[in-house]
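A.B. asks: Structure supplied as data_35.cif; contents: mmCIF, C-alpha atoms and all ligand atoms.
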data_entry
loop_
_atom_site.label_atom_id
_atom_site.label_comp_id
_atom_site.auth_asym_id
_atom_site.auth_seq_id
_atom_site.Cartn_x
_atom_site.Cartn_y
_atom_site.Cartn_z
CA MET A 1 -29.61 -17.93 6.06
CA SER A 2 -26.57 -15.67 5.92
CA THR A 3 -23.34 -16.88 7.54
CA PRO A 4 -22.61 -15.28 10.94
CA LEU A 5 -19.99 -12.56 10.91
CA LYS A 6 -16.52 -13.36 12.18
CA ALA A 7 -14.92 -11.43 15.03
CA PRO A 8 -11.73 -9.51 14.19
CA LEU A 9 -8.78 -11.89 13.86
CA THR A 10 -5.95 -11.77 16.37
CA ALA A 11 -3.31 -12.97 13.92
CA ILE A 12 -2.88 -12.49 10.18
CA PRO A 13 -3.46 -15.70 8.19
CA ALA A 14 -0.39 -16.68 6.16
CA GLU A 15 -2.39 -16.62 2.94
CA LEU A 16 -3.53 -13.01 3.44
CA VAL A 17 -0.75 -11.35 1.49
CA SER A 18 -2.04 -8.40 -0.49
CA VAL A 19 -4.12 -5.29 0.08
CA ALA A 20 -6.83 -6.62 -2.23
CA ASP A 21 -7.02 -9.77 -0.08
CA TYR A 22 -8.31 -7.57 2.73
CA ALA A 23 -11.36 -6.52 0.70
CA ARG A 24 -12.29 -10.19 0.25
CA TYR A 25 -11.69 -11.14 3.88
CA ALA A 26 -13.55 -8.06 5.13
CA GLN A 27 -16.82 -9.39 3.74
CA GLN A 28 -16.76 -12.10 6.41
CA HIS A 29 -16.36 -9.52 9.16
CA ILE A 30 -18.81 -6.76 8.33
CA PRO A 31 -22.51 -6.71 7.47
CA HIS A 32 -23.33 -6.69 3.77
CA ALA A 33 -24.91 -3.20 3.77
CA ILE A 34 -21.84 -1.68 5.43
CA TYR A 35 -19.53 -3.43 3.01
CA GLU A 36 -21.57 -2.11 0.08
CA TYR A 37 -21.45 1.43 1.49
CA ILE A 38 -17.66 1.24 1.75
CA ALA A 39 -16.90 -0.55 -1.49
CA GLY A 40 -19.43 1.18 -3.69
CA GLY A 41 -19.01 4.18 -5.93
CA GLY A 42 -21.24 6.75 -7.56
CA GLY A 43 -23.79 5.99 -10.28
CA ASP A 44 -22.73 3.16 -12.57
CA GLU A 45 -19.26 3.10 -10.97
CA ILE A 46 -17.60 4.08 -14.23
CA THR A 47 -15.13 6.30 -12.39
CA LEU A 48 -14.64 3.76 -9.60
CA ASN A 49 -13.65 1.09 -12.13
CA ARG A 50 -11.61 3.51 -14.21
CA ASN A 51 -9.42 4.28 -11.18
CA ARG A 52 -8.12 0.70 -11.28
CA GLN A 53 -8.23 0.29 -15.02
CA LYS A 54 -6.00 3.32 -15.69
CA LEU A 55 -3.50 2.29 -13.02
CA ASP A 56 -3.37 -1.21 -14.48
CA GLU A 57 -2.70 0.11 -17.98
CA LEU A 58 0.50 1.84 -16.90
CA LEU A 59 3.70 -0.19 -17.17
CA ILE A 60 6.97 0.28 -15.34
CA HIS A 61 10.24 0.64 -17.25
CA PRO A 62 12.72 -1.50 -15.33
CA HIS A 63 16.46 -0.84 -15.18
CA VAL A 64 18.79 -3.62 -14.05
CA LEU A 65 22.18 -3.73 -12.34
CA THR A 66 21.59 -0.53 -10.36
CA ASP A 67 23.23 -0.11 -6.95
CA CYS A 68 20.30 0.02 -4.52
CA THR A 69 22.25 -0.44 -1.29
CA GLN A 70 21.51 3.16 -0.22
CA GLY A 71 17.83 2.81 -1.10
CA SER A 72 15.15 4.54 0.96
CA THR A 73 11.49 5.46 0.73
CA GLN A 74 11.98 8.54 2.93
CA THR A 75 10.54 11.69 1.48
CA GLN A 76 9.77 15.33 2.25
CA ILE A 77 6.12 16.47 2.21
CA LEU A 78 5.78 20.20 2.86
CA ASP A 79 7.82 20.71 6.05
CA GLU A 80 7.46 17.06 7.17
CA THR A 81 9.85 14.15 6.68
CA TRP A 82 7.91 10.97 6.00
CA ARG A 83 9.21 7.43 6.33
CA HIS A 84 7.43 6.55 3.08
CA PRO A 85 5.27 8.42 0.58
CA MET A 86 1.94 7.18 1.93
CA MET A 87 -0.73 8.45 4.26
CA LEU A 88 -4.09 7.16 5.41
CA ALA A 89 -6.81 9.15 3.62
CA PRO A 90 -9.59 10.76 5.64
CA VAL A 91 -12.31 8.15 5.93
CA ALA A 92 -15.48 8.60 7.97
CA PHE A 93 -16.79 6.34 10.74
CA HIS A 94 -14.12 3.69 11.41
CA ARG A 95 -16.36 2.32 14.16
CA LEU A 96 -18.61 1.00 11.38
CA VAL A 97 -16.18 -1.89 11.06
CA HIS A 98 -14.40 -2.20 14.40
CA GLU A 99 -15.35 -1.31 17.96
CA GLN A 100 -12.18 0.69 18.59
CA GLY A 101 -12.55 2.56 15.33
CA GLU A 102 -10.04 5.32 14.62
CA ILE A 103 -8.10 4.57 17.83
CA ALA A 104 -6.95 1.23 16.41
CA THR A 105 -6.19 2.81 13.04
CA ALA A 106 -4.12 5.55 14.69
CA GLN A 107 -2.16 2.99 16.73
CA ALA A 108 -1.29 1.09 13.56
CA ALA A 109 -0.34 4.27 11.70
CA SER A 110 1.97 5.25 14.58
CA VAL A 111 3.76 1.89 14.63
CA LEU A 112 4.23 1.95 10.86
CA GLU A 113 5.30 5.62 10.94
CA THR A 114 2.54 6.46 8.49
CA GLY A 115 0.60 9.70 8.60
CA MET A 116 -3.13 9.76 9.12
CA ALA A 117 -5.67 12.30 7.93
CA VAL A 118 -8.57 12.36 10.37
CA SER A 119 -12.04 12.99 8.97
CA THR A 120 -14.51 15.60 10.25
CA LEU A 121 -16.83 12.58 10.32
CA SER A 122 -14.65 10.43 12.56
CA SER A 123 -16.51 8.18 14.97
CA VAL A 124 -14.01 8.87 17.77
CA SER A 125 -13.27 12.49 18.68
CA MET A 126 -10.42 14.20 16.87
CA GLU A 127 -8.76 14.88 20.24
CA LYS A 128 -8.75 11.22 21.29
CA ILE A 129 -7.35 10.15 17.91
CA ALA A 130 -4.65 12.83 18.07
CA ALA A 131 -3.57 11.54 21.47
CA GLU A 132 -2.92 8.08 19.94
CA LEU A 133 -1.23 9.31 16.80
CA ASP A 134 2.51 9.53 16.81
CA SER A 135 3.04 10.13 13.10
CA PRO A 136 2.03 12.99 10.76
CA LYS A 137 -1.40 14.21 11.88
CA TRP A 138 -3.62 16.05 9.42
CA PHE A 139 -7.23 17.08 9.92
CA GLN A 140 -9.79 16.93 7.11
CA LEU A 141 -12.50 19.56 7.19
CA TYR A 142 -15.96 19.42 5.74
CA PHE A 143 -17.30 22.96 5.78
CA GLN A 144 -20.33 23.30 8.03
CA GLN A 145 -23.32 25.48 7.48
CA SER A 146 -22.31 27.84 10.27
CA ARG A 147 -18.98 29.63 9.77
CA ASP A 148 -18.57 29.86 13.54
CA PHE A 149 -18.99 26.12 13.92
CA THR A 150 -16.61 25.46 11.01
CA LEU A 151 -14.05 27.66 12.70
CA SER A 152 -14.54 25.91 16.03
CA LEU A 153 -13.61 22.60 14.35
CA VAL A 154 -10.47 24.17 12.90
CA LYS A 155 -9.48 25.63 16.28
CA ARG A 156 -10.02 22.25 17.94
CA ALA A 157 -7.78 20.64 15.32
CA GLU A 158 -5.06 23.22 15.96
CA ALA A 159 -5.29 22.70 19.71
CA ALA A 160 -5.13 18.92 19.30
CA GLY A 161 -1.85 19.20 17.40
CA TYR A 162 -2.90 18.58 13.81
CA SER A 163 -0.29 20.11 11.52
CA LYS A 164 -2.19 20.51 8.24
CA LEU A 165 -5.76 21.25 7.28
CA ILE A 166 -7.23 19.35 4.36
CA ILE A 167 -10.39 20.87 2.96
CA THR A 168 -12.35 18.38 0.88
CA VAL A 169 -13.87 20.20 -2.05
CA ASP A 170 -15.30 17.47 -4.26
CA ALA A 171 -18.10 16.26 -2.02
CA PRO A 172 -20.33 19.19 -1.07
CA LEU A 173 -23.10 16.63 -1.37
CA HIS A 174 -23.16 12.87 -1.74
CA GLY A 175 -22.90 11.36 -5.17
CA ILE A 176 -25.70 9.12 -6.37
CA ARG A 177 -24.83 5.99 -4.37
CA ASN A 178 -27.11 3.35 -5.84
CA ARG A 179 -25.13 0.44 -4.46
CA ALA A 180 -25.44 1.65 -0.87
CA GLN A 181 -29.12 2.44 -1.50
CA ARG A 182 -29.85 -1.03 -2.85
CA ALA A 183 -28.18 -2.57 0.19
CA LYS A 184 -30.31 -0.26 2.41
CA PHE A 185 -27.29 1.15 4.19
CA VAL A 186 -28.00 3.26 7.26
CA LEU A 187 -25.61 4.38 9.96
CA PRO A 188 -26.00 1.85 12.79
CA ALA A 189 -26.95 3.00 16.29
CA GLY A 190 -23.86 3.87 18.30
CA VAL A 191 -21.82 5.10 15.34
CA GLU A 192 -21.95 8.84 14.87
CA ALA A 193 -20.04 11.92 13.81
CA VAL A 194 -18.91 12.74 17.34
CA ASN A 195 -17.03 15.90 16.34
CA LEU A 196 -20.33 17.39 15.24
CA VAL A 197 -22.51 16.68 18.26
CA ASP A 198 -22.57 20.37 19.21
CA ARG A 199 -23.49 21.45 15.71
CA PRO A 200 -26.14 24.17 15.75
CA GLU A 201 -29.60 23.11 14.57
CA LEU A 202 -29.99 23.54 10.84
CA PRO A 203 -32.92 25.78 10.00
CA SER A 204 -35.48 23.54 8.32
CA ALA A 205 -35.54 24.69 4.74
CA ALA A 206 -38.89 25.41 3.20
CA PHE A 207 -38.88 24.72 -0.51
CA ASP A 208 -41.46 25.64 -2.99
CA ALA A 209 -41.90 23.45 -6.04
CA SER A 210 -40.16 25.96 -8.29
CA GLN A 211 -36.92 25.57 -6.36
CA SER A 212 -34.28 22.92 -6.81
CA ILE A 213 -33.58 20.79 -3.78
CA VAL A 214 -29.96 20.63 -4.92
CA PHE A 215 -29.14 24.17 -6.04
CA GLN A 216 -31.28 26.28 -3.71
CA GLY A 217 -31.28 23.60 -1.02
CA MET A 218 -28.08 21.74 -0.22
CA MET A 219 -25.72 23.78 -2.40
CA SER A 220 -26.71 27.04 -0.77
CA GLU A 221 -24.71 25.87 2.27
CA THR A 222 -21.57 24.58 0.61
CA PRO A 223 -18.26 26.43 0.31
CA ILE A 224 -17.03 28.43 -2.65
CA TRP A 225 -13.57 29.87 -3.37
CA GLN A 226 -14.24 32.93 -1.18
CA ASP A 227 -14.86 30.66 1.81
CA ILE A 228 -11.44 29.10 1.31
CA GLU A 229 -9.89 32.58 1.28
CA TRP A 230 -11.77 33.42 4.48
CA LEU A 231 -10.47 30.29 6.19
CA GLN A 232 -6.91 31.06 5.10
CA GLN A 233 -7.16 34.23 7.23
CA GLN A 234 -8.34 32.24 10.25
CA THR A 235 -5.70 29.55 10.67
CA GLU A 236 -1.96 29.14 10.78
CA MET A 237 -2.29 25.58 9.50
CA PRO A 238 -1.27 25.17 5.87
CA ILE A 239 -4.36 24.34 3.79
CA ILE A 240 -4.47 21.47 1.33
CA LEU A 241 -7.40 21.08 -1.06
CA LYS A 242 -8.61 17.52 -1.62
CA GLY A 243 -10.57 16.47 -4.65
CA ILE A 244 -9.17 18.55 -7.49
CA LEU A 245 -9.09 17.02 -10.98
CA SER A 246 -9.08 20.12 -13.15
CA PRO A 247 -5.79 21.86 -13.97
CA ILE A 248 -7.72 25.14 -14.03
CA ASP A 249 -8.87 24.67 -10.43
CA ALA A 250 -5.37 23.55 -9.48
CA LYS A 251 -3.88 26.75 -10.87
CA LYS A 252 -6.48 28.78 -9.00
CA ALA A 253 -5.49 27.02 -5.77
CA VAL A 254 -1.82 27.81 -6.35
CA ASP A 255 -2.62 31.47 -7.06
CA LEU A 256 -4.59 31.61 -3.81
CA GLY A 257 -1.57 30.44 -1.81
CA ILE A 258 -2.90 26.97 -1.02
CA ALA A 259 -0.11 24.76 0.35
CA GLY A 260 -0.89 21.53 -1.51
CA ILE A 261 -3.43 19.57 -3.52
CA ILE A 262 -4.75 16.03 -3.31
CA VAL A 263 -5.65 14.84 -6.78
CA SER A 264 -8.65 12.63 -6.09
CA ASN A 265 -12.09 11.64 -7.24
CA HIS A 266 -13.03 10.54 -3.72
CA GLY A 267 -12.48 6.92 -4.67
CA GLY A 268 -15.16 7.18 -7.37
CA ARG A 269 -17.83 7.98 -4.78
CA THR A 270 -19.01 11.41 -5.85
CA LEU A 271 -19.67 12.42 -9.47
CA ASP A 272 -19.60 9.43 -11.81
CA CYS A 273 -18.07 9.67 -15.30
CA ILE A 274 -15.15 11.87 -14.28
CA PRO A 275 -11.53 10.92 -15.01
CA SER A 276 -9.50 8.63 -12.83
CA ALA A 277 -7.14 10.45 -10.49
CA ILE A 278 -4.08 8.90 -12.13
CA GLU A 279 -5.00 10.22 -15.58
CA ALA A 280 -5.65 13.73 -14.20
CA LEU A 281 -2.32 13.76 -12.34
CA PRO A 282 0.11 14.64 -15.19
CA VAL A 283 -1.94 17.64 -16.37
CA ILE A 284 -2.24 18.90 -12.82
CA ARG A 285 1.48 18.50 -12.23
CA GLN A 286 2.05 20.51 -15.38
CA ALA A 287 -0.34 23.25 -14.23
CA VAL A 288 1.13 23.67 -10.74
CA GLY A 289 4.83 23.40 -11.57
CA GLU A 290 7.53 21.00 -10.49
CA SER A 291 7.84 21.67 -6.79
CA PHE A 292 4.24 22.26 -5.67
CA PRO A 293 3.14 19.56 -3.15
CA LEU A 294 0.79 17.08 -4.82
CA LEU A 295 -0.75 13.96 -3.35
CA LEU A 296 -3.03 11.47 -5.07
CA ASP A 297 -5.63 8.96 -3.98
CA SER A 298 -8.32 6.78 -5.55
CA GLY A 299 -7.59 3.18 -6.41
CA ILE A 300 -4.16 2.71 -4.81
CA GLU A 301 -3.75 -0.87 -3.59
CA ARG A 302 -0.29 -2.01 -4.67
CA GLY A 303 3.24 -0.77 -4.16
CA THR A 304 3.45 -0.61 -7.94
CA ASP A 305 0.46 1.78 -7.90
CA VAL A 306 2.34 4.06 -5.50
CA PHE A 307 5.37 3.87 -7.79
CA LYS A 308 3.27 4.79 -10.85
CA ALA A 309 1.71 7.77 -9.08
CA LEU A 310 5.15 9.05 -8.05
CA ALA A 311 6.40 8.58 -11.61
CA LEU A 312 3.56 10.74 -12.91
CA GLY A 313 4.28 13.57 -10.51
CA ALA A 314 2.70 12.80 -7.14
CA ASP A 315 4.83 13.40 -4.04
CA ALA A 316 2.83 10.88 -2.03
CA VAL A 317 -0.39 8.87 -2.10
CA MET A 318 -3.29 8.31 0.24
CA ILE A 319 -5.00 5.03 0.98
CA GLY A 320 -8.78 4.98 1.49
CA ARG A 321 -10.88 1.82 1.61
CA PRO A 322 -8.06 -0.63 2.46
CA GLN A 323 -7.78 0.93 5.93
CA LEU A 324 -11.39 0.01 6.71
CA TYR A 325 -11.07 -3.48 5.22
CA SER A 326 -7.92 -4.25 7.19
CA LEU A 327 -9.39 -2.71 10.35
CA ALA A 328 -12.45 -4.95 9.98
CA VAL A 329 -10.36 -8.08 9.48
CA ALA A 330 -7.87 -7.68 12.30
CA GLY A 331 -8.10 -4.28 14.02
CA ALA A 332 -4.83 -2.43 14.56
CA ILE A 333 -2.71 -5.40 13.53
CA GLY A 334 -4.66 -5.63 10.27
CA VAL A 335 -4.08 -1.96 9.42
CA GLY A 336 -0.43 -2.28 10.40
CA HIS A 337 0.00 -5.36 8.23
CA MET A 338 -1.77 -3.74 5.28
CA LEU A 339 0.58 -0.74 5.48
CA ARG A 340 3.62 -2.96 5.81
CA VAL A 341 2.59 -4.93 2.73
CA LEU A 342 2.26 -1.71 0.74
CA ARG A 343 5.58 -0.39 1.96
CA GLU A 344 7.39 -3.61 1.13
CA GLU A 345 5.77 -3.77 -2.28
CA LEU A 346 6.92 -0.22 -2.98
CA GLU A 347 10.46 -1.07 -1.87
CA VAL A 348 10.50 -4.15 -4.10
CA ALA A 349 9.18 -2.14 -7.06
CA MET A 350 11.83 0.55 -6.52
CA ALA A 351 14.63 -2.01 -6.24
CA LEU A 352 13.55 -4.01 -9.29
CA ALA A 353 12.97 -0.90 -11.39
CA GLY A 354 16.44 0.41 -10.52
CA THR A 355 15.15 3.53 -8.74
CA PRO A 356 16.41 3.25 -5.16
CA THR A 357 15.19 6.62 -3.89
CA ILE A 358 11.93 8.53 -4.18
CA ALA A 359 13.74 11.33 -6.02
CA SER A 360 15.00 8.88 -8.65
CA ILE A 361 11.46 7.91 -9.70
CA SER A 362 10.43 10.00 -12.70
CA SER A 363 8.34 9.86 -15.85
CA ALA A 364 11.24 7.89 -17.35
CA SER A 365 10.38 5.14 -14.85
CA LEU A 366 7.25 4.33 -16.87
CA TRP A 367 7.22 2.47 -20.15
CA GLN A 368 6.29 4.87 -22.94
CA GLN A 369 3.46 3.23 -24.86
CA ASN A 370 2.55 4.37 -28.34
C1 LIG A 401 -16.29 4.76 3.44
C2 LIG A 401 -15.56 5.98 2.99
C3 LIG A 401 -15.68 7.14 3.72
C4 LIG A 401 -14.99 8.30 3.31
N1 LIG A 401 -15.06 9.42 4.08
C5 LIG A 401 -14.39 10.54 3.71
C6 LIG A 401 -14.39 11.68 4.53
O1 LIG A 401 -15.00 11.71 5.59
N2 LIG A 401 -13.71 12.78 4.08
C7 LIG A 401 -13.02 12.78 2.90
O2 LIG A 401 -12.40 13.79 2.54
N3 LIG A 401 -12.96 11.68 2.12
C8 LIG A 401 -13.64 10.57 2.49
N4 LIG A 401 -13.56 9.44 1.71
C9 LIG A 401 -12.72 9.45 0.51
C10 LIG A 401 -11.28 9.05 0.84
O3 LIG A 401 -10.61 10.06 1.56
C11 LIG A 401 -10.44 8.80 -0.43
O4 LIG A 401 -10.51 9.93 -1.25
C12 LIG A 401 -10.86 7.58 -1.21
O5 LIG A 401 -11.32 6.53 -0.38
C13 LIG A 401 -9.67 7.11 -2.03
O6 LIG A 401 -9.97 6.03 -2.81
P1 LIG A 401 -9.64 4.49 -2.41
O7 LIG A 401 -10.72 4.11 -1.45
O8 LIG A 401 -9.78 3.81 -3.73
O9 LIG A 401 -8.26 4.44 -1.82
C14 LIG A 401 -14.22 8.28 2.12
C15 LIG A 401 -14.11 7.09 1.39
C16 LIG A 401 -14.75 5.95 1.83
C17 LIG A 401 -14.58 4.68 1.04
#
Would you mind writing the file out in structure tokens?
Ligand SMILES: Cc1cc2nc3c(=O)[nH]c(=O)nc-3n(C[C@H](O)[C@H](O)[C@H](O)COP(=O)(O)O)c2cc1C
C.D. replies:
Amino acid sequence: MSTPLKAPLTAIPAELVSVADYARYAQQHIPHAIYEYIAGGGGDEITLNRNRQKLDELLIHPHVLTDCTQGSTQTQILDETWRHPMMLAPVAFHRLVHEQGEIATAQAASVLETGMAVSTLSSVSMEKIAAELDSPKWFQLYFQQSRDFTLSLVKRAEAAGYSKLIITVDAPLHGIRNRAQRAKFVLPAGVEAVNLVDRPELPSAAFDASQSIVFQGMMSETPIWQDIEWLQQQTEMPIILKGILSPIDAKKAVDLGIAGIIVSNHGGRTLDCIPSAIEALPVIRQAVGESFPLLLDSGIERGTDVFKALALGADAVMIGRPQLYSLAVAGAIGVGHMLRVLREELEVAMALAGTPTIASISSASLWQQN
């Protein structure tokens, strides 16, 4: 018989000290199939594992005897001043792991002065989350089949006070998620994409055997570059593309007047066998130039990871799975603690590496390996 699940904790155990600890603890708080859906990646998880492996291979070049008394993690992201170079990545369905869902996450983000990107697939409405969120508020858009409905989501986000629009471009369809399939993951009753309840009925596609269910089916509804251009005409919100790994695509985005890019492989959840985000980052930085806003996610779970990403050209990072693990373990206080751990680890890394400000972290902050 499986052990009964534990209710969310009301205090953080003294031995829970790192972000990775939350993944272990979370398994006692959420059903196995849900855990597998969250933790898993695409295919054989080659990309998922590579995200960590490539971060681990990087080494920091420490400098001693530096005056760090004026140290700060404050940074400028587009027109926003952030307390630290981290944001919660858009992650669907927080109510999968905690009754309060995104409300608890938003409360924690506010207290820790950390921005939050709210998913199209949030399990609490974008308006209710916005009302709780007192730190940078970004909305993540998945294009919908109907342009009118897509636009209605964007207009709702504007009205709710979101300042930036992330368009996720690397997941027009799900990757091959064998791990979630083996665990028989299904969305539990009571958890749904509440922002989409008014979505118009999709016409039921009739396929003949000569057609591909992917190319003529699902992909016939997914956005292409021209759709991004169309949306640029429809909103005042700066648009940020999430899920770019190719320097060629990055350059195209810059030429189109996109405001920023999130270098990401969706946490290894879409196409398997693509590069880790951290190894794509330097070539993308080179393609877009020195001052273009670049964020990175996929695999970040230590302050030293944040440091490495900044050293390779990211302006900030996003945190994905750890927000769900910490939410499962201890609700808002779990998410708050997880963010505090990351922030302190980053501060310690900066102090011990002799780089007291975000601007002082550069490629010279990494050990050059031959
Ligand atoms: C359970 C889960 C749900 C996600 N939902 C979304 C989503 O709705 N929109 C989106 O753009 N990215 C989504 N992502 C991807 C994250 O934004 C992010 O790219 C990824 O989790 C980063 O990797 P990390 O989990 O290693 O930090 C999701 C990721 C997970 C694990």
A.B. asks: I'd like the neighbourhood of Gly71 in chain A as number ranges by chain, where a residue qualifies if any of its atoms comes within 9 Å (using all atoms listed in the file), though same-chain residues fewer than 4 positions away should be ignored.
C.D. replies: A: 67, 347, 350-351, 355-358
A.B. asks: Those same residues, written as a PDB file, in the coordinates of the input with C-alpha atoms?
C.D. replies:
ATOM      1  CA  ASP A  67      23.230  -0.110  -6.950  1.00  0.00           C
ATOM      2  CA  GLU A 347      10.460  -1.070  -1.870  1.00  0.00           C
ATOM      3  CA  MET A 350      11.830   0.550  -6.520  1.00  0.00           C
ATOM      4  CA  ALA A 351      14.630  -2.010  -6.240  1.00  0.00           C
ATOM      5  CA  THR A 355      15.150   3.530  -8.740  1.00  0.00           C
ATOM      6  CA  PRO A 356      16.410   3.250  -5.160  1.00  0.00           C
ATOM      7  CA  THR A 357      15.190   6.620  -3.890  1.00  0.00           C
ATOM      8  CA  ILE A 358      11.930   8.530  -4.180  1.00  0.00           C
TER       9      ILE A 358
END
A.B. asks: Taking all listed atoms of range 106-117 of chain A, build the axis-aligned box, pad each of the six sides by 3 Å, then write its centre and edge lengths in Å to one decimal as AutoDock Vina command-line options.
C.D. replies:
--center_x -0.2 --center_y 6.7 --center_z 12.3 --size_x 17.0 --size_y 17.2 --size_z 14.8
A.B. asks: Please indicate the distance in Å from CA of Val335 in chain A to CA of Val263 in chain A, rounded to one decimal place.
C.D. replies: 23.4 Å
A.B. asks: Choose the residue, out of A:Glu113, A:Asp56, A:Glu36, A:Asp198, that has the smallest atom-to-atom separation from ligand LIG 401 (chain A); count only C-alpha atoms and all ligand atoms.
C.D. replies: A:Glu36
A.B. asks: Taking a cut-off of 9 Å and counting only C-alpha atoms and all ligand atoms, can you build a table that, for each residue of chain A near ligand LIG 401 (chain A), reports the nearest atom pair and how far apart they are in Å (one decimal), sorted by chain then residue number, as CSV?
C.D. replies:
residue,atom,partner,partner_atom,distance
A:Ile34,CA,A:LIG401,C1,8.7
A:Tyr35,CA,A:LIG401,C1,8.8
A:Tyr37,CA,A:LIG401,C1,6.4
A:Ile38,CA,A:LIG401,C1,4.1
A:Ala39,CA,A:LIG401,C17,6.3
A:Gly40,CA,A:LIG401,C17,7.6
A:Gly41,CA,A:LIG401,C17,8.3
A:Leu48,CA,A:LIG401,O8,7.6
A:Asn51,CA,A:LIG401,O8,7.5
A:Arg52,CA,A:LIG401,O8,8.3
A:Leu88,CA,A:LIG401,O3,8.1
A:Ala89,CA,A:LIG401,O3,4.4
A:Pro90,CA,A:LIG401,O3,4.3
A:Val91,CA,A:LIG401,N1,3.5
A:Ala92,CA,A:LIG401,O1,3.9
A:Phe93,CA,A:LIG401,C3,7.2
A:His94,CA,A:LIG401,C1,8.3
A:Ala117,CA,A:LIG401,O3,8.4
A:Val118,CA,A:LIG401,O1,8.0
A:Ser119,CA,A:LIG401,O1,4.7
A:Thr120,CA,A:LIG401,O1,6.1
A:Leu121,CA,A:LIG401,O1,5.1
A:Ser122,CA,A:LIG401,O1,7.1
A:Gln140,CA,A:LIG401,O2,6.1
A:Leu141,CA,A:LIG401,O2,7.4
A:Tyr142,CA,A:LIG401,N2,7.2
A:Ile166,CA,A:LIG401,O2,7.8
A:Ile167,CA,A:LIG401,O2,7.4
A:Thr168,CA,A:LIG401,O2,4.9
A:Val169,CA,A:LIG401,O2,8.0
A:Asp170,CA,A:LIG401,O2,8.3
A:Ala171,CA,A:LIG401,O2,7.7
A:Lys242,CA,A:LIG401,O2,6.8
A:Gly243,CA,A:LIG401,O4,7.4
A:Ile262,CA,A:LIG401,O4,8.6
A:Val263,CA,A:LIG401,O4,8.8
A:Ser264,CA,A:LIG401,O4,5.8
A:Asn265,CA,A:LIG401,O4,6.4
A:His266,CA,A:LIG401,O4,3.6
A:Gly267,CA,A:LIG401,O6,3.2
A:Gly268,CA,A:LIG401,O6,7.0
A:Arg269,CA,A:LIG401,C15,7.3
A:Leu296,CA,A:LIG401,C13,8.5
A:Asp297,CA,A:LIG401,C13,4.9
A:Ser298,CA,A:LIG401,O6,3.3
A:Gly299,CA,A:LIG401,O8,3.5
A:Ile300,CA,A:LIG401,O9,5.4
A:Glu301,CA,A:LIG401,O9,7.2
A:Met318,CA,A:LIG401,O9,6.6
A:Ile319,CA,A:LIG401,O9,4.3
A:Gly320,CA,A:LIG401,O9,3.4
A:Arg321,CA,A:LIG401,O7,3.8
A:Pro322,CA,A:LIG401,O9,6.6
A:Gln323,CA,A:LIG401,O9,8.5
A:Leu324,CA,A:LIG401,C1,7.6
A.B. asks: For the selection just defined, write its residues with C-alpha atoms to a file, as a short mmCIF file (atom, residue, chain, number, x, y, z; two decimals), keeping the file's coordinate frame.
C.D. replies:
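That gives us again_16.cif:
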data_model
loop_
_atom_site.label_atom_id
_atom_site.label_comp_id
_atom_site.auth_asym_id
_atom_site.auth_seq_id
_atom_site.Cartn_x
_atom_site.Cartn_y
_atom_site.Cartn_z
CA ILE A 34 -21.84 -1.68 5.43
CA TYR A 35 -19.53 -3.43 3.01
CA TYR A 37 -21.45 1.43 1.49
CA ILE A 38 -17.66 1.24 1.75
CA ALA A 39 -16.90 -0.55 -1.49
CA GLY A 40 -19.43 1.18 -3.69
CA GLY A 41 -19.01 4.18 -5.93
CA LEU A 48 -14.64 3.76 -9.60
CA ASN A 51 -9.42 4.28 -11.18
CA ARG A 52 -8.12 0.70 -11.28
CA LEU A 88 -4.09 7.16 5.41
CA ALA A 89 -6.81 9.15 3.62
CA PRO A 90 -9.59 10.76 5.64
CA VAL A 91 -12.31 8.15 5.93
CA ALA A 92 -15.48 8.60 7.97
CA PHE A 93 -16.79 6.34 10.74
CA HIS A 94 -14.12 3.69 11.41
CA ALA A 117 -5.67 12.30 7.93
CA VAL A 118 -8.57 12.36 10.37
CA SER A 119 -12.04 12.99 8.97
CA THR A 120 -14.51 15.60 10.25
CA LEU A 121 -16.83 12.58 10.32
CA SER A 122 -14.65 10.43 12.56
CA GLN A 140 -9.79 16.93 7.11
CA LEU A 141 -12.50 19.56 7.19
CA TYR A 142 -15.96 19.42 5.74
CA ILE A 166 -7.23 19.35 4.36
CA ILE A 167 -10.39 20.87 2.96
CA THR A 168 -12.35 18.38 0.88
CA VAL A 169 -13.87 20.20 -2.05
CA ASP A 170 -15.30 17.47 -4.26
CA ALA A 171 -18.10 16.26 -2.02
CA LYS A 242 -8.61 17.52 -1.62
CA GLY A 243 -10.57 16.47 -4.65
CA ILE A 262 -4.75 16.03 -3.31
CA VAL A 263 -5.65 14.84 -6.78
CA SER A 264 -8.65 12.63 -6.09
CA ASN A 265 -12.09 11.64 -7.24
CA HIS A 266 -13.03 10.54 -3.72
CA GLY A 267 -12.48 6.92 -4.67
CA GLY A 268 -15.16 7.18 -7.37
CA ARG A 269 -17.83 7.98 -4.78
CA LEU A 296 -3.03 11.47 -5.07
CA ASP A 297 -5.63 8.96 -3.98
CA SER A 298 -8.32 6.78 -5.55
CA GLY A 299 -7.59 3.18 -6.41
CA ILE A 300 -4.16 2.71 -4.81
CA GLU A 301 -3.75 -0.87 -3.59
CA MET A 318 -3.29 8.31 0.24
CA ILE A 319 -5.00 5.03 0.98
CA GLY A 320 -8.78 4.98 1.49
CA ARG A 321 -10.88 1.82 1.61
CA PRO A 322 -8.06 -0.63 2.46
CA GLN A 323 -7.78 0.93 5.93
CA LEU A 324 -11.39 0.01 6.71
#
